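What's in protein.cif: mmCIF, C-alpha atoms
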data_work
loop_
_atom_site.label_atom_id
_atom_site.label_comp_id
_atom_site.auth_asym_id
_atom_site.auth_seq_id
_atom_site.Cartn_x
_atom_site.Cartn_y
_atom_site.Cartn_z
CA MET A 984 -95.00 38.80 -64.36
CA SER A 985 -92.09 37.31 -66.26
CA PRO A 986 -89.03 39.56 -66.82
CA PHE A 987 -88.31 37.87 -70.15
CA THR A 988 -89.12 39.84 -73.29
CA GLY A 989 -89.18 39.21 -77.00
CA SER A 990 -88.12 41.61 -79.72
CA ALA A 991 -90.11 44.64 -78.61
CA GLY A 992 -88.34 47.24 -76.49
CA SER A 993 -89.72 49.65 -73.93
CA THR A 994 -92.32 52.17 -75.08
CA PRO A 995 -90.65 55.61 -75.27
CA HIS A 996 -93.86 57.65 -74.98
CA TRP A 997 -97.36 56.94 -73.69
CA HIS A 998 -100.12 58.87 -75.44
CA HIS A 999 -102.95 58.37 -72.95
CA LEU A 1000 -101.22 58.76 -69.60
CA ARG A 1001 -98.24 60.53 -68.07
CA LEU A 1002 -95.41 58.56 -66.49
CA ALA A 1003 -92.83 60.08 -64.14
CA ARG A 1004 -89.97 58.04 -62.73
CA GLY A 1005 -88.07 58.96 -59.59
CA GLU A 1006 -84.53 57.98 -58.74
CA ASP A 1007 -85.84 56.36 -55.54
CA GLY A 1008 -87.70 53.63 -57.42
CA VAL A 1009 -91.06 55.42 -57.22
CA ALA A 1010 -93.06 55.88 -60.42
CA THR A 1011 -96.15 58.06 -60.76
CA VAL A 1012 -98.80 57.41 -63.41
CA THR A 1013 -101.18 60.32 -63.94
CA LEU A 1014 -104.41 60.22 -65.92
CA PRO A 1015 -104.11 63.50 -67.89
CA ARG A 1016 -107.61 64.48 -69.04
CA PRO A 1017 -108.69 67.01 -66.41
CA ASP A 1018 -111.28 68.57 -68.73
CA LYS A 1019 -113.08 65.20 -68.78
CA LEU A 1020 -112.40 64.33 -65.13
CA ASN A 1021 -109.82 61.88 -66.49
CA ALA A 1022 -112.43 59.73 -68.20
CA LEU A 1023 -110.90 56.61 -69.71
CA THR A 1024 -110.74 55.89 -73.43
CA PHE A 1025 -109.92 52.67 -75.28
CA GLY A 1026 -106.36 53.93 -75.59
CA ALA A 1027 -106.09 54.75 -71.88
CA TYR A 1028 -107.14 51.24 -70.90
CA ALA A 1029 -104.65 49.72 -73.33
CA ASP A 1030 -101.83 52.01 -72.20
CA LEU A 1031 -102.41 51.16 -68.53
CA ARG A 1032 -102.42 47.45 -69.32
CA ASP A 1033 -99.24 47.64 -71.39
CA LEU A 1034 -97.38 50.06 -69.11
CA LEU A 1035 -97.88 47.90 -66.03
CA ALA A 1036 -96.61 44.88 -67.96
CA GLU A 1037 -93.50 46.78 -69.07
CA LEU A 1038 -92.75 48.12 -65.60
CA SER A 1039 -93.19 44.65 -64.16
CA ARG A 1040 -90.63 43.21 -66.56
CA GLU A 1041 -88.13 46.02 -66.04
CA ARG A 1042 -87.96 45.50 -62.27
CA SER A 1043 -86.77 49.10 -61.82
CA VAL A 1044 -89.96 50.32 -60.10
CA ARG A 1045 -90.42 49.47 -56.43
CA ALA A 1046 -93.68 51.36 -55.85
CA LEU A 1047 -96.19 53.13 -58.09
CA VAL A 1048 -98.60 55.99 -57.43
CA LEU A 1049 -101.75 56.20 -59.56
CA ALA A 1050 -103.30 59.68 -59.67
CA GLY A 1051 -105.64 61.87 -61.65
CA GLU A 1052 -104.97 65.41 -62.86
CA GLY A 1053 -107.23 68.31 -61.96
CA ARG A 1054 -110.47 68.11 -59.95
CA GLY A 1055 -110.84 64.36 -59.65
CA PHE A 1056 -109.26 60.93 -59.79
CA CYS A 1057 -111.20 59.28 -62.65
CA SER A 1058 -114.83 59.51 -63.72
CA GLY A 1059 -114.82 56.10 -65.42
CA GLY A 1060 -115.26 55.27 -69.07
CA ASP A 1061 -115.80 58.22 -71.42
CA VAL A 1062 -119.52 58.37 -72.24
CA ASP A 1063 -119.00 59.49 -75.83
CA GLU A 1064 -115.81 57.65 -76.74
CA ILE A 1065 -116.60 54.32 -75.07
CA ILE A 1066 -120.30 53.96 -74.26
CA GLY A 1067 -121.34 55.48 -77.55
CA ALA A 1068 -118.87 53.32 -79.46
CA THR A 1069 -119.83 50.08 -77.72
CA LEU A 1070 -123.43 50.47 -78.91
CA ALA A 1071 -122.17 49.78 -82.44
CA MET A 1072 -120.07 46.72 -81.50
CA ASP A 1073 -121.00 43.10 -81.96
CA THR A 1074 -120.68 40.53 -79.18
CA ALA A 1075 -117.14 39.46 -80.11
CA GLN A 1076 -115.92 43.06 -80.08
CA LEU A 1077 -117.66 43.74 -76.77
CA LEU A 1078 -116.05 40.67 -75.26
CA ASP A 1079 -112.61 41.84 -76.43
CA PHE A 1080 -113.20 45.25 -74.86
CA ASN A 1081 -114.43 43.88 -71.53
CA ARG A 1082 -111.57 41.43 -71.37
CA MET A 1083 -109.14 44.32 -71.89
CA THR A 1084 -110.59 46.29 -68.98
CA GLY A 1085 -110.26 43.20 -66.81
CA GLN A 1086 -106.65 42.82 -67.92
CA VAL A 1087 -105.95 46.30 -66.52
CA VAL A 1088 -107.23 45.24 -63.09
CA ARG A 1089 -105.24 42.01 -63.26
CA ALA A 1090 -102.13 43.99 -64.17
CA VAL A 1091 -102.59 46.22 -61.10
CA ARG A 1092 -103.08 43.20 -58.84
CA GLU A 1093 -100.31 41.08 -60.38
CA CYS A 1094 -97.52 43.63 -60.85
CA PRO A 1095 -94.66 42.89 -58.42
CA PHE A 1096 -94.71 46.27 -56.69
CA PRO A 1097 -97.22 48.05 -54.44
CA VAL A 1098 -99.68 50.40 -56.17
CA ILE A 1099 -101.03 53.39 -54.22
CA ALA A 1100 -104.11 55.19 -55.51
CA ALA A 1101 -104.16 58.90 -54.58
CA VAL A 1102 -107.85 59.77 -54.71
CA HIS A 1103 -109.42 63.20 -54.65
CA GLY A 1104 -112.76 64.19 -56.11
CA VAL A 1105 -114.66 61.65 -58.15
CA ALA A 1106 -113.65 58.01 -58.51
CA ALA A 1107 -116.57 56.55 -60.44
CA GLY A 1108 -117.24 53.43 -62.49
CA ALA A 1109 -113.97 52.10 -63.87
CA GLY A 1110 -112.17 54.81 -61.87
CA ALA A 1111 -113.56 53.36 -58.64
CA VAL A 1112 -112.45 49.87 -59.68
CA LEU A 1113 -108.94 51.11 -60.49
CA ALA A 1114 -108.69 52.51 -56.98
CA LEU A 1115 -110.18 49.29 -55.61
CA ALA A 1116 -107.51 47.21 -57.37
CA ALA A 1117 -104.67 49.22 -55.82
CA ASP A 1118 -102.89 47.93 -52.73
CA PHE A 1119 -103.44 51.20 -50.87
CA ARG A 1120 -106.10 53.90 -51.26
CA ILE A 1121 -105.14 57.30 -49.88
CA ALA A 1122 -107.99 59.81 -50.12
CA ASP A 1123 -108.83 63.31 -49.00
CA PRO A 1124 -112.28 64.53 -47.83
CA THR A 1125 -113.32 65.49 -51.38
CA ALA A 1126 -113.15 61.87 -52.57
CA ARG A 1127 -116.38 60.25 -53.76
CA PHE A 1128 -116.57 56.62 -54.85
CA ALA A 1129 -119.39 55.36 -57.04
CA PHE A 1130 -119.69 51.96 -58.69
CA LEU A 1131 -122.11 53.18 -61.33
CA PHE A 1132 -122.49 50.11 -63.52
CA THR A 1133 -126.10 49.28 -62.63
CA ARG A 1134 -126.99 52.94 -63.24
CA VAL A 1135 -126.24 52.41 -66.94
CA GLY A 1136 -128.01 49.06 -67.10
CA LEU A 1137 -124.96 46.83 -66.64
CA SER A 1138 -123.85 44.36 -63.98
CA GLY A 1139 -122.20 45.80 -60.89
CA GLY A 1140 -119.63 43.03 -61.21
CA ASP A 1141 -117.50 44.86 -63.78
CA MET A 1142 -113.71 44.58 -64.08
CA GLY A 1143 -113.49 42.29 -61.06
CA ALA A 1144 -115.44 44.58 -58.72
CA ALA A 1145 -117.65 41.75 -57.47
CA TYR A 1146 -114.50 39.78 -56.64
CA LEU A 1147 -112.45 42.53 -55.01
CA LEU A 1148 -114.98 44.68 -53.16
CA PRO A 1149 -116.48 41.99 -50.86
CA ARG A 1150 -112.95 41.02 -49.84
CA ILE A 1151 -112.22 44.59 -48.79
CA VAL A 1152 -115.48 45.83 -47.25
CA GLY A 1153 -117.47 42.61 -46.74
CA LEU A 1154 -120.40 41.16 -48.67
CA GLY A 1155 -123.05 43.41 -47.11
CA HIS A 1156 -121.39 46.71 -47.95
CA ALA A 1157 -120.28 45.40 -51.35
CA THR A 1158 -123.85 44.42 -52.22
CA ARG A 1159 -125.09 47.89 -51.34
CA LEU A 1160 -122.34 49.69 -53.25
CA LEU A 1161 -122.51 47.53 -56.39
CA MET A 1162 -126.29 47.06 -56.53
CA LEU A 1163 -127.38 50.66 -55.85
CA GLY A 1164 -124.44 52.50 -57.43
CA GLU A 1165 -124.87 55.40 -55.01
CA PRO A 1166 -121.93 57.72 -54.32
CA VAL A 1167 -120.01 57.14 -51.10
CA GLY A 1168 -118.11 60.02 -49.56
CA ALA A 1169 -114.68 59.79 -48.02
CA ALA A 1170 -115.89 59.49 -44.43
CA GLU A 1171 -118.24 56.61 -45.29
CA ALA A 1172 -115.54 54.96 -47.41
CA GLU A 1173 -113.19 55.06 -44.45
CA ARG A 1174 -115.87 53.69 -42.10
CA VAL A 1175 -116.54 50.61 -44.24
CA GLY A 1176 -112.84 49.91 -44.77
CA LEU A 1177 -112.51 50.99 -48.39
CA LEU A 1178 -109.74 53.49 -47.57
CA SER A 1179 -106.25 52.78 -46.33
CA GLU A 1180 -105.93 56.34 -45.04
CA LEU A 1181 -107.94 59.56 -45.01
CA VAL A 1182 -105.81 62.72 -45.11
CA ASP A 1183 -106.42 66.47 -45.15
CA GLU A 1184 -107.83 68.05 -48.28
CA GLY A 1185 -105.26 68.41 -51.03
CA LYS A 1186 -102.79 66.06 -49.32
CA ALA A 1187 -103.65 62.69 -50.92
CA GLY A 1188 -101.03 62.96 -53.65
CA ALA A 1189 -98.22 63.98 -51.31
CA ARG A 1190 -99.11 61.29 -48.80
CA ALA A 1191 -99.27 58.65 -51.55
CA VAL A 1192 -95.78 59.64 -52.76
CA GLU A 1193 -94.51 59.55 -49.17
CA LEU A 1194 -95.89 56.05 -48.67
CA ALA A 1195 -94.52 54.94 -52.05
CA ALA A 1196 -91.06 56.20 -51.10
CA ARG A 1197 -91.22 54.28 -47.82
CA LEU A 1198 -92.21 51.10 -49.64
CA ALA A 1199 -89.59 51.62 -52.35
CA ALA A 1200 -86.87 51.94 -49.70
CA GLY A 1201 -87.89 48.62 -48.14
CA PRO A 1202 -87.35 44.97 -49.10
CA ALA A 1203 -88.84 44.89 -52.60
CA LEU A 1204 -88.85 41.10 -52.97
CA ALA A 1205 -90.62 40.69 -49.64
CA HIS A 1206 -93.23 43.24 -50.72
CA ALA A 1207 -93.71 41.52 -54.07
CA GLN A 1208 -94.20 38.11 -52.48
CA THR A 1209 -96.56 39.50 -49.84
CA LYS A 1210 -98.70 41.07 -52.58
CA ALA A 1211 -98.66 37.85 -54.59
CA LEU A 1212 -99.74 35.78 -51.58
CA LEU A 1213 -102.52 38.20 -50.64
CA THR A 1214 -104.01 37.76 -54.10
CA ALA A 1215 -103.33 34.05 -54.58
CA GLU A 1216 -104.60 32.95 -51.17
CA LEU A 1217 -107.97 34.73 -51.31
CA ASP A 1218 -109.69 31.55 -52.48
CA MET A 1219 -107.37 28.88 -51.07
CA PRO A 1220 -108.16 26.50 -48.24
CA LEU A 1221 -105.98 26.99 -45.17
CA ALA A 1222 -103.85 23.91 -45.84
CA ALA A 1223 -102.89 25.16 -49.31
CA ALA A 1224 -102.28 28.69 -48.05
CA VAL A 1225 -99.90 27.70 -45.26
CA GLU A 1226 -98.02 25.41 -47.65
CA MET A 1227 -97.60 28.31 -50.09
CA ASP A 1228 -96.47 30.51 -47.20
CA ALA A 1229 -93.91 27.90 -46.16
CA ALA A 1230 -92.46 27.59 -49.67
CA THR A 1231 -92.28 31.37 -50.06
CA GLN A 1232 -90.57 31.90 -46.70
CA ALA A 1233 -88.05 29.16 -47.42
CA LEU A 1234 -87.07 30.93 -50.64
CA LEU A 1235 -86.85 34.36 -48.97
CA MET A 1236 -84.84 32.98 -46.05
CA ASN A 1237 -82.24 31.98 -48.62
CA GLY A 1238 -82.16 35.53 -50.02
CA GLU A 1239 -79.79 38.43 -49.52
CA ASP A 1240 -82.28 40.69 -47.73
CA TYR A 1241 -82.87 38.17 -44.94
CA LYS A 1242 -79.11 37.88 -44.36
CA GLU A 1243 -78.80 41.67 -44.55
CA PHE A 1244 -81.38 42.14 -41.80
CA HIS A 1245 -79.42 39.88 -39.47
CA ALA A 1246 -76.15 41.66 -40.27
CA ALA A 1247 -77.74 45.08 -39.73
CA PHE A 1248 -79.35 43.99 -36.46
CA THR A 1249 -76.05 42.60 -35.20
CA GLN A 1250 -74.16 45.75 -36.23
CA LYS A 1251 -76.89 48.05 -34.86
CA ARG A 1252 -77.53 49.82 -38.18
CA SER A 1253 -80.37 50.14 -40.68
CA PRO A 1254 -80.63 47.39 -43.32
CA ASN A 1255 -79.50 48.13 -46.86
CA TRP A 1256 -82.30 46.38 -48.68
CA ARG A 1257 -81.45 45.14 -52.18
CA GLY A 1258 -84.66 43.40 -53.17
CA ARG A 1259 -82.97 40.02 -53.51
#
Mind turning the file's structure into structure tokens?
Amino acid sequence: MSPFTGSAGSTPHWHHLRLARGEDGVATVTLPRPDKLNALTFGAYADLRDLLAELSRERSVRALVLAGEGRGFCSGGDVDEIIGATLAMDTAQLLDFNRMTGQVVRAVRECPFPVIAAVHGVAAGAGAVLALAADFRIADPTARFAFLFTRVGLSGGDMGAAYLLPRIVGLGHATRLLMLGEPVGAAEAERVGLLSELVDEGKAGARAVELAARLAAGPALAHAQTKALLTAELDMPLAAAVEMDAATQALLMNGEDYKEFHAAFTQKRSPNWRGR
């Protein structure tokens, strides 16, 4: 995302999520509705979309952890506040809403820093897609993923799920998960490749922060370009992909971090990455 801004400044307070910034470049975004299993509201979707855009422009965050407070990660859209409300909307309003939810997923995929989802308990519906959009999914044995959209009479291809899931677990598993909407436990999620790492119960959050700190201490520009290429090249022919790789590497080889690696290697010390 572009670092250039107009007149608006940074948002001082977010009403529908909790943001914590660390001095190490790690930010943690927590969904703070434990009494509703962190069900998403219209405001929560909008805040996530806008926060990720702001953090992307600031360039102060090098890694972000996405977590849920209480007994679960996120149970999806709030049945009363979203599903009930959408029944009274016309087609134009419904299109605006569904485009907004897709913008959240795009923001997760397009922000220039790694996003780590720390999953415990339920990750259902939109909550499952949020985890799916992250670069890493760290889960403990209590985690349960469920793409519930067909269970409420809607397409399983919601918020980019039909795009992302086959690319992570393959078409066969994605068809089963999106068509049937049945819950998948942590062990099964790990078996089909949905998880980046399965940790002991209660350890997902700590492990996600540990991984975020490791990423934040590394070459931020290299991470950002790797993430961008992983997304951009999903649908490219090989010739276009290797050309994009070549152009990206040429730019990075002219950067400070590449020179710093060589200096550190020569001097037998650890690199001092600057993200440039």
Give me the residues of region 1149-1236 of chain A that have any atom at most 9 Å from an atom of region 1103-1114 of chain A; for each, the nearest atom pair and the distance in Å, rounded to one decimal. Use only C-alpha atoms, sort by chain and number, and format it as JSON lines.
{"residue": "A:Gly1164", "atom": "CA", "partner": "A:Gly1108", "partner_atom": "CA", "distance": 8.8}
{"residue": "A:Pro1166", "atom": "CA", "partner": "A:Ala1107", "partner_atom": "CA", "distance": 8.2}
{"residue": "A:Glu1184", "atom": "CA", "partner": "A:His1103", "partner_atom": "CA", "distance": 8.2}
{"residue": "A:Gly1185", "atom": "CA", "partner": "A:His1103", "partner_atom": "CA", "distance": 7.6}
{"residue": "A:Lys1186", "atom": "CA", "partner": "A:His1103", "partner_atom": "CA", "distance": 9.0}
{"residue": "A:Ala1187", "atom": "CA", "partner": "A:His1103", "partner_atom": "CA", "distance": 6.9}
{"residue": "A:Gly1188", "atom": "CA", "partner": "A:His1103", "partner_atom": "CA", "distance": 8.5}
Inset, instruction - Mind checking which residues fall within 7 Å of Ala1199 (chain A), counting all atoms listed in the file, ignoring those fewer than 5 positions away in the same chain, and posting them as a list in words? - result: Asp1007, Gly1008, Val1009, Arg1045 and Ala1046 of chain A
Legend entry - For CA of Glu1006 (chain A) and CA of Ala1203 (chain A), the interatomic separation in Å (one decimal):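 Atom-to-atom, CA of Glu1006 (chain A) and CA of Ala1203 (chain A) are spaced 15.1 Å apart.
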Inset, instruction - Determine the residue membership of the PyMOL selection byres ((chain A and resi 1193) around 12) for the file above and supply it as an MDAnalysis selection string. - result: chainID A and resid 1007 1009:1011 1046:1048 1099 1101 1121 1186:1192 1194:1200
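If you apply the PyMOL selection byres ((chain A and resi 1168) around 10) to this structure, you end up with Gly1104, Val1105, Asp1123, Pro1124, Thr1125, Ala1126, Arg1127, Phe1128, Ala1129, Glu1165, Pro1166, Val1167, Ala1169, Ala1170, Glu1171, Ala1172 and Glu1173 of chain A.
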Inset, instruction - Provide the CA of Asn1021 (chain A) to CA of Ile1065 (chain A) distance in Å, to one decimal place. - result: 13.3 Å
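CA of Thr994 (chain A) is found 24.2 Å from CA of Glu1064 (chain A).
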